[in-house]
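Asker: The structure file target_31.txt (compact mmCIF, C-alpha atoms and all ligand atoms) is provided below.
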```txt
# COMPACT_ATOMS: atom_id res chain seq x y z
CA MET A 170 -10.18 21.10 -5.41
CA SER A 171 -8.46 19.30 -8.24
CA ILE A 172 -5.14 17.56 -7.73
CA GLY A 173 -2.92 18.56 -10.62
CA PRO A 174 0.85 18.88 -10.85
CA ASP A 175 2.10 22.25 -9.53
CA SER A 176 5.42 23.92 -8.71
CA THR A 177 6.15 21.27 -6.00
CA HIS A 178 6.43 18.62 -8.76
CA ASP A 179 8.93 20.57 -10.90
CA PRO A 180 11.56 17.96 -11.84
CA LYS A 181 14.24 20.67 -11.69
CA LEU A 182 13.69 21.29 -7.96
CA ARG A 183 16.62 20.26 -5.78
CA SER A 184 16.91 20.07 -2.03
CA TRP A 185 19.64 21.38 0.24
CA VAL A 186 19.48 17.87 1.75
CA ARG A 187 21.99 16.50 -0.75
CA SER A 188 21.04 12.81 -0.51
CA ALA A 189 17.57 13.76 -1.83
CA ASN A 190 19.12 14.75 -5.18
CA LEU A 191 20.85 11.44 -5.87
CA PRO A 192 19.52 9.47 -8.85
CA GLY A 193 17.27 6.61 -7.79
CA CYS A 194 16.51 8.11 -4.36
CA ASP A 195 12.96 7.22 -3.27
CA PHE A 196 12.54 10.48 -1.39
CA PRO A 197 13.45 13.50 -3.55
CA ILE A 198 11.88 16.88 -2.76
CA GLN A 199 9.04 16.13 -5.21
CA ASN A 200 7.83 13.25 -2.99
CA LEU A 201 7.60 14.34 0.68
CA PRO A 202 5.87 11.24 2.10
CA LEU A 203 4.71 11.31 5.71
CA GLY A 204 5.21 8.78 8.48
CA VAL A 205 5.46 8.38 12.24
CA PHE A 206 8.87 7.81 13.81
CA ARG A 207 11.17 8.37 16.77
CA ARG A 208 14.89 8.02 17.31
CA SER A 209 15.64 4.41 18.27
CA GLY A 210 16.60 3.51 21.81
CA ARG A 211 16.02 6.89 23.46
CA GLY A 212 12.57 6.41 24.96
CA GLU A 213 11.23 9.29 22.84
CA ASN A 214 7.59 9.78 21.86
CA PHE A 215 6.57 8.97 18.32
CA ARG A 216 5.76 11.99 16.15
CA CYS A 217 5.17 12.70 12.46
CA GLY A 218 8.02 13.17 10.03
CA VAL A 219 8.57 13.65 6.32
CA ALA A 220 11.15 11.64 4.38
CA ILE A 221 13.75 13.69 2.50
CA GLY A 222 16.70 11.83 1.00
CA ASP A 223 18.24 9.56 3.63
CA SER A 224 16.77 11.64 6.48
CA VAL A 225 13.53 12.31 8.31
CA LEU A 226 12.49 15.88 8.94
CA ASP A 227 11.00 15.89 12.45
CA LEU A 228 7.72 17.76 12.02
CA GLY A 229 7.26 18.15 15.77
CA ALA A 230 10.63 19.93 15.97
CA LEU A 231 9.90 21.89 12.78
CA ASP A 232 6.67 23.18 14.32
CA MET A 233 8.70 24.73 17.18
CA LEU A 234 10.54 26.81 14.56
CA THR A 235 7.16 28.17 13.32
CA PRO A 236 8.21 28.31 9.68
CA PHE A 237 4.71 28.54 8.19
CA GLY A 238 1.66 30.77 8.57
CA GLY A 239 -2.06 30.20 8.05
CA LEU A 240 -3.33 26.79 7.05
CA GLY A 241 0.22 25.43 6.68
CA ALA A 242 0.88 26.28 10.34
CA GLU A 243 -2.33 24.56 11.39
CA ALA A 244 -1.38 21.46 9.39
CA LEU A 245 2.12 21.40 10.87
CA ALA A 246 0.78 21.77 14.41
CA ALA A 247 -1.25 18.58 13.82
CA CYS A 248 2.02 16.71 13.13
CA ALA A 249 3.38 16.76 16.69
CA GLU A 250 1.10 13.78 17.42
CA PRO A 251 2.04 10.09 17.39
CA SER A 252 -0.17 9.44 14.34
CA LEU A 253 -1.18 11.22 11.14
CA ASN A 254 -4.89 11.07 12.02
CA ARG A 255 -5.23 14.69 13.12
CA LEU A 256 -3.56 15.95 9.95
CA MET A 257 -5.60 13.53 7.85
CA ALA A 258 -8.87 14.81 9.30
CA LEU A 259 -8.01 18.42 8.34
CA GLY A 260 -8.68 17.71 4.66
CA ARG A 261 -7.00 18.40 1.35
CA PRO A 262 -6.49 22.21 1.60
CA ALA A 263 -4.40 21.63 4.76
CA TRP A 264 -2.45 18.76 3.14
CA VAL A 265 -1.70 20.94 0.12
CA ALA A 266 -0.58 23.87 2.33
CA LEU A 267 1.74 21.58 4.30
CA ARG A 268 3.24 20.14 1.12
CA ARG A 269 3.85 23.60 -0.29
CA GLY A 270 5.47 24.79 2.95
CA LEU A 271 7.71 21.72 3.20
CA SER A 272 8.72 22.00 -0.45
CA GLU A 273 9.68 25.66 0.00
CA CYS A 274 11.70 25.17 3.15
CA LEU A 275 13.55 22.09 1.85
CA ARG A 276 14.51 23.42 -1.59
CA GLU A 277 17.97 24.69 -2.43
CA GLY A 278 18.43 28.29 -1.41
CA ALA A 279 15.72 28.25 1.31
CA PRO A 280 16.70 31.03 3.73
CA GLN A 281 15.81 28.93 6.83
CA ALA A 282 17.88 25.90 5.72
CA ALA A 283 20.51 26.06 8.49
CA GLN A 284 17.86 26.31 11.21
CA ILE A 285 15.68 23.56 9.71
CA ALA A 286 18.69 21.27 9.37
CA THR A 287 18.62 20.95 13.19
CA ALA A 288 15.31 19.04 12.83
CA LEU A 289 16.78 16.39 10.47
CA ILE A 290 17.42 12.87 11.72
CA PRO A 291 19.10 10.11 9.66
CA GLN A 292 16.53 7.44 8.74
CA SER A 293 19.09 4.85 9.87
CA GLU A 294 18.70 6.17 13.44
CA ALA A 295 14.89 6.11 13.33
CA GLU A 296 12.30 3.48 14.12
CA PHE A 297 8.80 3.62 12.75
CA THR A 298 5.32 2.78 13.90
CA LEU A 299 2.04 2.65 11.99
CA PRO A 300 1.48 5.99 10.24
CA ALA A 301 -2.12 6.15 11.46
CA ARG A 302 -4.47 4.69 14.03
CA ILE A 303 -6.33 2.38 11.68
CA GLY A 304 -9.85 1.85 12.96
CA ASN A 305 -11.09 -0.17 10.01
CA TYR A 306 -9.47 -2.20 7.29
CA THR A 307 -11.21 -3.36 4.14
CA ASP A 308 -9.45 -5.47 1.54
CA PHE A 309 -10.60 -5.22 -2.08
CA TYR A 310 -9.90 -7.54 -5.01
CA THR A 311 -9.30 -5.07 -7.80
CA SER A 312 -6.91 -6.99 -10.08
CA ILE A 313 -8.86 -8.99 -12.64
CA HIS A 314 -5.66 -10.83 -13.57
CA HIS A 315 -5.24 -11.98 -9.96
CA ALA A 316 -8.93 -12.83 -9.61
CA THR A 317 -8.86 -14.90 -12.80
CA ALA A 318 -5.60 -16.71 -11.99
CA VAL A 319 -6.69 -17.57 -8.45
CA GLY A 320 -10.17 -18.52 -9.66
CA ARG A 321 -8.55 -20.95 -12.11
CA ILE A 322 -6.83 -22.70 -9.18
CA PHE A 323 -9.85 -22.83 -6.84
CA ARG A 324 -12.66 -23.15 -9.44
CA PRO A 325 -11.29 -24.29 -12.83
CA ASP A 326 -14.82 -24.48 -14.29
CA GLN A 327 -15.67 -20.85 -13.44
CA PRO A 328 -12.51 -18.79 -12.74
CA LEU A 329 -14.13 -15.34 -12.76
CA LEU A 330 -17.44 -15.13 -10.91
CA PRO A 331 -20.25 -13.28 -12.76
CA ASN A 332 -20.35 -10.38 -10.27
CA TYR A 333 -16.69 -9.45 -10.73
CA LYS A 334 -17.09 -7.00 -13.61
CA TRP A 335 -19.95 -5.18 -11.85
CA VAL A 336 -19.01 -5.03 -8.15
CA PRO A 337 -15.70 -3.94 -6.62
CA ILE A 338 -15.41 -7.07 -4.45
CA ALA A 339 -14.08 -6.70 -0.90
CA TYR A 340 -14.27 -8.11 2.61
CA HIS A 341 -13.86 -6.50 6.02
CA GLY A 342 -10.36 -7.28 7.26
CA ARG A 343 -8.73 -7.14 10.68
CA ALA A 344 -7.23 -3.80 11.77
CA SER A 345 -5.65 -5.01 15.04
CA SER A 346 -2.99 -7.18 13.40
CA ILE A 347 -1.70 -4.56 10.94
CA GLY A 348 1.98 -3.84 11.54
CA VAL A 349 4.61 -1.60 10.05
CA SER A 350 7.53 -2.72 7.87
CA GLY A 351 9.91 -4.93 9.82
CA GLN A 352 6.98 -6.91 11.25
CA GLN A 353 7.76 -10.43 12.46
CA VAL A 354 4.96 -12.72 11.33
CA LEU A 355 4.31 -15.85 13.31
CA ARG A 356 3.34 -18.72 11.02
CA PRO A 357 -0.37 -19.17 11.74
CA ARG A 358 -2.09 -22.34 12.86
CA GLY A 359 -5.55 -23.15 11.68
CA GLN A 360 -8.08 -25.67 10.44
CA ILE A 361 -6.82 -27.37 7.33
CA MET A 362 -8.51 -30.06 5.26
CA PRO A 363 -5.77 -32.18 3.71
CA ARG A 364 -6.45 -33.37 0.18
CA GLY A 365 -8.36 -36.66 0.24
CA ALA A 366 -8.84 -36.56 4.02
CA GLU A 367 -12.21 -37.05 5.66
CA ARG A 368 -11.78 -34.59 8.51
CA PRO A 369 -9.83 -31.39 8.99
CA GLN A 370 -6.93 -31.02 11.37
CA LEU A 371 -5.49 -28.12 13.37
CA ALA A 372 -1.98 -27.49 12.07
CA ALA A 373 0.58 -24.82 11.25
CA SER A 374 0.02 -23.49 7.75
CA GLY A 375 2.26 -25.14 5.19
CA ARG A 376 1.20 -22.78 2.41
CA LEU A 377 2.02 -19.34 3.75
CA ASP A 378 1.98 -16.64 1.06
CA PHE A 379 2.34 -12.90 0.55
CA GLU A 380 0.08 -10.57 -1.40
CA LEU A 381 1.53 -7.53 -3.16
CA GLU A 382 -1.00 -4.75 -2.61
CA VAL A 383 -1.41 -1.00 -2.51
CA GLY A 384 -2.89 0.45 0.71
CA VAL A 385 -5.19 3.47 0.54
CA LEU A 386 -5.40 5.63 3.68
CA ILE A 387 -8.58 7.62 4.14
CA GLY A 388 -8.05 11.25 5.16
CA SER A 389 -11.39 12.87 5.85
CA GLY A 390 -14.30 10.50 6.36
CA ASN A 391 -18.03 10.73 5.67
CA ARG A 392 -21.08 10.83 7.92
CA LEU A 393 -23.03 7.60 8.38
CA GLY A 394 -25.79 7.62 5.80
CA ALA A 395 -24.01 10.10 3.48
CA PRO A 396 -22.35 8.22 0.58
CA ILE A 397 -19.32 9.77 -1.10
CA PRO A 398 -20.07 10.48 -4.79
CA ILE A 399 -17.36 9.18 -7.08
CA ALA A 400 -16.47 12.67 -8.36
CA GLN A 401 -15.55 13.62 -4.77
CA ALA A 402 -14.06 10.30 -3.74
CA GLU A 403 -10.40 11.28 -4.06
CA GLU A 404 -10.96 14.34 -1.86
CA HIS A 405 -11.26 11.84 0.98
CA VAL A 406 -8.03 9.96 0.18
CA PHE A 407 -4.92 11.07 2.06
CA GLY A 408 -2.37 8.85 0.39
CA LEU A 409 -1.04 5.42 -0.49
CA CYS A 410 1.33 2.91 1.06
CA LEU A 411 2.57 -0.59 0.24
CA LEU A 412 0.64 -3.46 1.81
CA ASN A 413 1.42 -7.15 2.23
CA ASP A 414 -1.70 -9.16 3.02
CA TRP A 415 -0.10 -12.34 4.38
CA SER A 416 -2.29 -15.31 3.51
CA ALA A 417 -2.47 -18.97 4.55
CA ARG A 418 -3.44 -20.79 1.36
CA ASP A 419 -4.32 -24.04 3.11
CA ILE A 420 -6.60 -22.42 5.71
CA GLN A 421 -8.26 -20.20 3.07
CA PRO A 422 -9.97 -22.75 0.75
CA TRP A 423 -11.49 -24.69 3.66
CA GLU A 424 -12.93 -21.66 5.49
CA TYR A 425 -13.80 -19.10 2.81
CA GLN A 426 -17.17 -20.33 1.67
CA PRO A 427 -19.75 -18.88 2.04
CA LEU A 428 -18.67 -15.74 3.94
CA GLY A 429 -15.18 -15.00 2.60
CA PRO A 430 -11.69 -14.92 4.13
CA PHE A 431 -11.31 -15.04 7.90
CA LEU A 432 -8.39 -16.63 9.78
CA ALA A 433 -6.38 -17.21 6.59
CA LYS A 434 -5.81 -13.44 6.49
CA SER A 435 -6.33 -11.93 9.93
CA PHE A 436 -3.07 -12.99 11.60
CA ALA A 437 -0.93 -10.23 10.02
CA THR A 438 -0.87 -7.42 7.46
CA THR A 439 2.29 -5.35 6.89
CA ILE A 440 2.35 -1.80 5.54
CA SER A 441 5.18 0.57 4.63
CA PRO A 442 5.99 3.34 7.14
CA TRP A 443 5.77 6.12 4.54
CA VAL A 444 2.48 7.38 3.10
CA VAL A 445 2.90 8.93 -0.33
CA THR A 446 0.23 11.60 -0.60
CA LEU A 447 -2.21 11.80 -3.48
CA GLU A 448 -0.74 15.27 -4.19
CA ALA A 449 2.71 13.72 -4.72
CA LEU A 450 1.20 11.21 -7.16
CA ALA A 451 -0.41 13.84 -9.41
CA PRO A 452 2.14 13.58 -12.27
CA TYR A 453 1.72 9.80 -12.60
CA ARG A 454 -1.98 9.65 -13.32
CA LEU A 455 -3.36 7.80 -16.31
CA PRO A 456 -6.76 7.72 -17.95
CA TRP A 457 -8.96 4.95 -16.56
CA SER A 458 -10.80 2.84 -19.09
CA ARG A 459 -12.70 -0.38 -19.43
CA PRO A 460 -12.43 -2.75 -22.42
CA ALA A 461 -15.30 -2.07 -24.84
CA ASP A 462 -16.48 -5.71 -24.59
CA ASP A 463 -16.83 -5.51 -20.80
CA PRO A 464 -19.83 -4.04 -18.98
CA GLN A 465 -19.26 -0.34 -18.36
CA PRO A 466 -19.56 0.64 -14.68
CA LEU A 467 -22.91 1.62 -13.21
CA PRO A 468 -23.27 5.43 -13.09
CA TYR A 469 -22.33 5.67 -9.38
CA LEU A 470 -18.94 4.11 -10.28
CA ASP A 471 -18.23 6.30 -13.29
CA CYS A 472 -17.39 9.98 -13.83
CA ALA A 473 -15.37 12.27 -16.11
CA GLN A 474 -12.46 12.67 -13.63
CA LEU A 475 -12.16 8.89 -13.39
CA ARG A 476 -11.97 8.54 -17.17
CA ALA A 477 -9.48 11.43 -17.45
CA GLY A 478 -7.02 10.39 -14.74
CA GLY A 479 -8.38 7.80 -12.29
CA ALA A 480 -5.61 5.22 -12.79
CA LEU A 481 -2.05 5.40 -11.47
CA ASP A 482 1.23 4.44 -13.11
CA LEU A 483 2.72 2.92 -9.96
CA LYS A 484 5.36 0.23 -10.43
CA LEU A 485 5.33 -2.55 -7.86
CA GLU A 486 7.84 -5.23 -7.02
CA VAL A 487 8.16 -8.10 -4.57
CA ALA A 488 11.45 -9.66 -3.51
CA LEU A 489 12.37 -12.57 -1.26
CA GLU A 490 15.35 -12.98 1.02
CA THR A 491 15.73 -16.47 2.45
CA ALA A 492 17.82 -17.23 5.55
CA ALA A 493 20.47 -18.75 3.24
CA MET A 494 20.59 -15.61 1.08
CA ARG A 495 20.99 -13.53 4.23
CA ALA A 496 23.76 -15.76 5.54
CA GLY A 497 25.50 -15.74 2.16
CA GLY A 498 25.13 -11.98 1.77
CA THR A 499 23.60 -12.35 -1.71
CA GLY A 500 20.72 -9.98 -0.99
CA PRO A 501 17.04 -10.39 -1.88
CA GLN A 502 15.89 -11.96 -5.14
CA ARG A 503 13.13 -10.26 -7.13
CA LEU A 504 10.13 -12.55 -7.64
CA ALA A 505 7.79 -10.35 -9.66
CA ARG A 506 7.17 -6.87 -10.97
CA THR A 507 3.84 -5.37 -11.97
CA ASN A 508 1.99 -2.05 -12.13
CA PHE A 509 -1.07 -0.67 -10.31
CA ARG A 510 -2.26 0.65 -13.69
CA HIS A 511 -3.58 -2.86 -14.47
CA SER A 512 -6.12 -2.61 -11.65
CA TYR A 513 -9.68 -3.27 -12.90
CA TRP A 514 -11.21 -0.94 -10.28
CA SER A 515 -9.77 2.44 -9.29
CA ILE A 516 -9.24 4.07 -5.90
CA ALA A 517 -12.21 6.41 -6.45
CA GLN A 518 -14.42 3.43 -7.31
CA MET A 519 -13.35 1.65 -4.11
CA VAL A 520 -14.32 4.69 -2.02
CA ALA A 521 -17.61 5.33 -3.85
CA HIS A 522 -18.63 1.68 -3.66
CA HIS A 523 -17.64 1.31 0.01
CA THR A 524 -19.93 4.19 1.00
CA VAL A 525 -22.83 3.76 -1.47
CA ASN A 526 -24.89 2.00 1.21
CA GLY A 527 -24.21 4.84 3.65
CA CYS A 528 -21.27 3.16 5.39
CA ASN A 529 -19.08 5.77 7.08
CA LEU A 530 -15.36 5.80 6.37
CA GLU A 531 -13.24 7.30 9.12
CA SER A 532 -9.97 9.16 9.15
CA GLY A 533 -7.19 6.57 9.22
CA ASP A 534 -9.26 3.77 7.67
CA LEU A 535 -7.22 1.52 5.40
CA LEU A 536 -8.40 0.05 2.09
CA GLY A 537 -6.29 -2.67 0.50
CA SER A 538 -6.30 -2.82 -3.29
CA GLY A 539 -6.18 -6.61 -3.34
CA THR A 540 -3.25 -8.49 -4.83
CA GLN A 541 -1.92 -6.65 -7.85
CA SER A 542 -1.06 -8.93 -10.73
CA GLY A 543 -0.43 -7.89 -14.30
CA PRO A 544 -1.56 -9.65 -17.48
CA ALA A 545 1.64 -11.75 -17.81
CA PRO A 546 2.18 -14.79 -15.53
CA GLU A 547 5.51 -13.38 -14.28
CA GLU A 548 3.69 -10.22 -13.16
CA ALA A 549 1.81 -12.08 -10.42
CA GLY A 550 1.66 -10.62 -6.92
CA SER A 551 1.49 -13.86 -4.92
CA LEU A 552 3.28 -17.20 -4.70
CA LEU A 553 -0.07 -18.91 -5.24
CA GLU A 554 0.01 -17.57 -8.80
CA LEU A 555 3.78 -17.63 -9.38
CA THR A 556 3.96 -21.34 -8.48
CA GLN A 557 0.53 -22.25 -9.92
CA GLY A 558 -0.86 -23.32 -6.59
CA GLY A 559 2.42 -24.88 -5.48
CA ALA A 560 2.69 -27.11 -8.58
CA ARG A 561 5.73 -25.31 -10.03
CA PRO A 562 8.41 -24.41 -7.46
CA LEU A 563 10.40 -21.24 -8.06
CA GLN A 564 14.11 -21.72 -8.56
CA LEU A 565 16.16 -19.37 -6.39
CA PRO A 566 19.85 -18.50 -6.55
CA GLY A 567 22.02 -20.95 -4.60
CA GLY A 568 19.88 -23.93 -5.61
CA GLU A 569 17.00 -23.19 -3.23
CA THR A 570 13.39 -23.57 -4.35
CA ARG A 571 10.11 -22.20 -3.00
CA THR A 572 6.49 -23.07 -3.45
CA PHE A 573 5.33 -21.19 -0.34
CA LEU A 574 7.18 -19.24 2.36
CA GLU A 575 9.50 -20.95 4.80
CA ASP A 576 10.51 -19.88 8.30
CA GLY A 577 13.25 -17.25 8.13
CA ASP A 578 12.06 -15.86 4.80
CA ARG A 579 11.80 -12.08 4.50
CA VAL A 580 9.40 -10.61 1.94
CA ILE A 581 10.10 -7.10 0.67
CA LEU A 582 7.60 -4.99 -1.28
CA ARG A 583 8.71 -1.90 -3.18
CA GLY A 584 6.88 0.69 -5.26
CA TRP A 585 7.85 3.73 -7.30
CA CYS A 586 6.63 6.10 -10.00
CA GLU A 587 8.72 7.39 -12.88
CA ARG A 588 7.79 9.05 -16.09
CA PRO A 589 9.72 11.08 -18.68
CA GLY A 590 9.75 14.74 -17.68
CA CYS A 591 8.95 13.98 -14.03
CA ALA A 592 11.01 13.21 -10.95
CA ARG A 593 11.15 9.58 -9.86
CA ILE A 594 9.49 9.07 -6.47
CA GLY A 595 9.42 5.91 -4.34
CA PHE A 596 7.51 4.35 -1.49
CA GLY A 597 10.49 2.88 0.37
CA GLU A 598 9.66 -0.66 1.35
CA ALA A 599 7.30 -2.85 3.34
CA SER A 600 9.16 -5.88 4.61
CA GLY A 601 8.23 -8.66 6.97
CA SER A 602 9.80 -11.91 8.17
CA VAL A 603 8.29 -15.31 8.82
CA LEU A 604 8.85 -16.89 12.24
CA ALA A 605 8.17 -20.53 13.10
CA ALA A 606 4.70 -21.29 14.43
CA ALA A 607 4.29 -20.87 18.19
CA CA B 701 -5.68 -9.53 -0.17
```
How does the structure come out when it is put into structure tokens?
Ligand code: CA

Answerer:
Amino acid sequence: MSIGPDSTHDPKLRSWVRSANLPGCDFPIQNLPLGVFRRSGRGENFRCGVAIGDSVLDLGALDMLTPFGGLGAEALAACAEPSLNRLMALGRPAWVALRRGLSECLREGAPQAAQIATALIPQSEAEFTLPARIGNYTDFYTSIHHATAVGRIFRPDQPLLPNYKWVPIAYHGRASSIGVSGQQVLRPRGQIMPRGAERPQLAASGRLDFELEVGVLIGSGNRLGAPIPIAQAEEHVFGLCLLNDWSARDIQPWEYQPLGPFLAKSFATTISPWVVTLEALAPYRLPWSRPADDPQPLPYLDCAQLRAGGALDLKLEVALETAAMRAGGTGPQRLARTNFRHSYWSIAQMVAHHTVNGCNLESGDLLGSGTQSGPAPEEAGSLLELTQGGARPLQLPGGETRTFLEDGDRVILRGWCERPGCARIGFGEASGSVLAAA
């Protein structure tokens, strides 16, 4: 089943939910991202919802109105649960049927509009939890610009290791400490080797950083021992979210060799509440290519679909709001902007590589893209790069400076897709705040 633009992507579609039609809205009717929510402060159960304009359509309540038949009804019935896992496991035909049904009942002139309006809740009255039960989390390293810039700081003599252009590098991350936007992140303590010292000390990290990443949520998994061929890889992907892989840059260099990141990363990861489905992203695909001078991927990481449309034109941004900015009401300051299109490895390559040894992906598994940095220095997705390892502090409005994050800082990730002739769709945000070490 190919994922191409269809009538649900028509830029002329408008919703009877008026806020969805406003210019710049992240959640027009062409988007329809899914998440898990409840109304705040009422002791309700979490259930699945879809974002439309400034509201959430309660899919549990919508199911009671039995608006769909067939596969769409089956998909909607799976949404009364406190996670998207059951829907995710149903597979792409069910996701497509649900999207079509939601698009039809939310568009202007839908005959059921008045009835369905009873299942709308303002997003401002909602609280969110993780969109899925995430059993496993793997973090990749797909931006060659990030890998090179970081390599230059840690290993000036050999910034890019020889395996990089052949293997989609990753490590197994920690699923238990993944939180949803709004997460409060306790500054971690860990073993740190001060420069010039003879022995390490246990201390609170003084070099706390963010990483601007794209999260990939697996829909239907694969059996142990049955790799997913690259041509089918995207059939297993439910959708994307924003992901901040908080990182302690002073714990990391001391612990990472030879087995990779451990406690420098496992204390917190923040994702956005809304999952933008791969169907919604169909109009923003780009051909995937590799520079002619670079090694071309091994056959199991290459296919015609990848070359035709395996990359995504997804704009990404990170902003910082310090305690002083909050107190002064100045609002967050943008630190960097980049695009997922610069990624050296694609989503399909991540999935195909992850399973080539027979490893089984499960419904709800999360893959991080790795920090996304573009070719220009100001397109970097971490403070480590933006401040050149802390050597060049960033100047902030109000006279503040930052090398790494301070207590009270709030980091906000945003993402959106726009293209002439298409609707603009957004991811909302993934934000998290730094609290003083315990
Ligand atoms: Ca990372």

Asker: So that I can check the surroundings of segment 527-544 of chain A, please list as JSON, numbers by chain every protein, DNA and RNA residue that reaches within 6 Å of it, counting only C-alpha atoms and ignoring chain neighbours fewer than 6 positions away.

Answerer: {"A": [254, 258, 301, 302, 303, 304, 305, 306, 307, 308, 309, 310, 311, 312, 314, 315, 380, 381, 382, 383, 384, 385, 386, 387, 388, 389, 390, 391, 392, 393, 394, 395, 396, 507, 511, 550]}

Asker: Please list as a compact mmCIF listing (two decimals) with C-alpha atoms, in the frame of the given file every residue within 12 Å of segment 208-210 of chain A, counting all atoms listed in the file and excluding residues in the same chain fewer than 3 positions away.

Answerer:
```txt
# COMPACT_ATOMS: atom_id res chain seq x y z
CA VAL A 205 5.46 8.38 12.24
CA GLU A 213 11.23 9.29 22.84
CA ASN A 214 7.59 9.78 21.86
CA PHE A 215 6.57 8.97 18.32
CA ARG A 216 5.76 11.99 16.15
CA CYS A 217 5.17 12.70 12.46
CA GLY A 218 8.02 13.17 10.03
CA SER A 224 16.77 11.64 6.48
CA VAL A 225 13.53 12.31 8.31
CA LEU A 226 12.49 15.88 8.94
CA ASP A 227 11.00 15.89 12.45
CA ALA A 288 15.31 19.04 12.83
CA LEU A 289 16.78 16.39 10.47
CA ILE A 290 17.42 12.87 11.72
CA PRO A 291 19.10 10.11 9.66
CA GLN A 292 16.53 7.44 8.74
CA SER A 293 19.09 4.85 9.87
CA GLU A 294 18.70 6.17 13.44
CA ALA A 295 14.89 6.11 13.33
CA GLU A 296 12.30 3.48 14.12
CA PHE A 297 8.80 3.62 12.75
CA THR A 298 5.32 2.78 13.90
```

Asker: Using all atoms listed in the file, which of A:Gln352, A:Asp419, A:Arg207, A:Phe573 sits nearest Ala560 of chain A?

Answerer: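 Distance minimum relative to Ala560 of chain A lands on A:Phe573.
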
Asker: Which is closer to Ala402 of chain A than all the others in A:Gly173, A:Gly479, A:Gly204, A:Gly559, using all atoms listed in the file?

Answerer: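 Result for the nearest residue to Ala402 of chain A: A:Gly479.
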
Asker: Can you tell me how far atom CA of Arg356 of chain A sits from atom CA of Lys484 of chain A, in Å to one decimal?

Answerer: 28.7 Å

Asker: Select, from A:Asn526, A:Asp326, A:Ile198, A:Ala249, the residue with the minimum atom-to-atom distance to Arg269 of chain A, counting all atoms listed in the file.

Answerer: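 Among the listed residues, the smallest separation from Arg269 of chain A belongs to A:Ile198.
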
Asker: Could you give me, as a tab-separated table (two decimals) with C-alpha atoms, in the frame of the given file, the residues that sit within 9 Å of (-4.9, -25.9, 15.2) in the file's coordinates, counting all atoms listed in the file?

Answerer:
```tsv
chain	number	residue	atom	x	y	z
A	357	PRO	CA	-0.37	-19.17	11.74
A	358	ARG	CA	-2.09	-22.34	12.86
A	359	GLY	CA	-5.55	-23.15	11.68
A	360	GLN	CA	-8.08	-25.67	10.44
A	361	ILE	CA	-6.82	-27.37	7.33
A	370	GLN	CA	-6.93	-31.02	11.37
A	371	LEU	CA	-5.49	-28.12	13.37
A	372	ALA	CA	-1.98	-27.49	12.07
A	373	ALA	CA	0.58	-24.82	11.25
```

Asker: Can you work out which one of A:Ala220, A:Val349, A:Leu428, A:Ala549 has the shortest atom-to-atom distance to Ala316 of chain A, counting all atoms listed in the file?

Answerer: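 Of A:Ala220, A:Val349, A:Leu428, A:Ala549, the one nearest Ala316 of chain A, counting all atoms listed in the file, is A:Ala549.
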
Asker: So, counting only C-alpha atoms, which residue among A:Ala266, A:Leu470, A:Ala477, A:Ala545 is closest to Ala244 of chain A?

Answerer: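 Among the listed residues, the smallest separation from Ala244 of chain A belongs to A:Ala266.
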
Asker: May I have the residues within 8 Å of Asp463 of chain A as a ChimeraX atom specification, using only C-alpha atoms and disregarding those fewer than 3 positions away in the same chain?

Answerer: /A:334,459-460

Asker: Using only C-alpha atoms, determine which residues lie at most 10 Å from segment 491-496 of chain A, disregarding the query and same-chain residues fewer than 6 positions distant; provide the list as a list in words.

Answerer: Gln502, Leu565, Pro566, Gly567, Glu569, Arg571, Leu574, Glu575, Asp576, Gly577, Asp578, Arg579, Val580, Ser602 and Val603 of chain A

Asker: Near segment 230-235 of chain A, counting only C-alpha atoms, which residues have an atom at most 7 Å away, once you skip same-chain residues fewer than 6 positions from it, shown as a short mmCIF file (atom, residue, chain, number, x, y, z; two decimals) with C-alpha atoms, in the frame of the given file?

Answerer:
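Wrote it out as result.cif, contents follow:
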```cif
data_model
loop_
_atom_site.label_atom_id
_atom_site.label_comp_id
_atom_site.auth_asym_id
_atom_site.auth_seq_id
_atom_site.Cartn_x
_atom_site.Cartn_y
_atom_site.Cartn_z
CA LEU A 245 2.12 21.40 10.87
CA ALA A 246 0.78 21.77 14.41
CA ILE A 285 15.68 23.56 9.71
CA ALA A 288 15.31 19.04 12.83
#
```

Asker: Please tell me which residues are no farther than 6 Å from (6.7, -0.7, -1.8) in the file, counting only C-alpha atoms, and write them as a PDB file with C-alpha atoms, keeping the file's coordinate frame.

Answerer:
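Dumped to part.pdb:
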```pdb
ATOM      1  CA  LEU A 411       2.570  -0.590   0.240  1.00  0.00           C
ATOM      2  CA  LEU A 582       7.600  -4.990  -1.280  1.00  0.00           C
ATOM      3  CA  ARG A 583       8.710  -1.900  -3.180  1.00  0.00           C
ATOM      4  CA  GLY A 584       6.880   0.690  -5.260  1.00  0.00           C
ATOM      5  CA  PHE A 596       7.510   4.350  -1.490  1.00  0.00           C
ATOM      6  CA  GLY A 597      10.490   2.880   0.370  1.00  0.00           C
ATOM      7  CA  GLU A 598       9.660  -0.660   1.350  1.00  0.00           C
ATOM      8  CA  ALA A 599       7.300  -2.850   3.340  1.00  0.00           C
TER       9      ALA A 599
END
```

Asker: Find the distance between atom CA of Leu504 of chain A and atom CA of Leu377 of chain A and write it in Å to one decimal.

Answerer: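 Between these atoms lies a distance of 15.5 Å.
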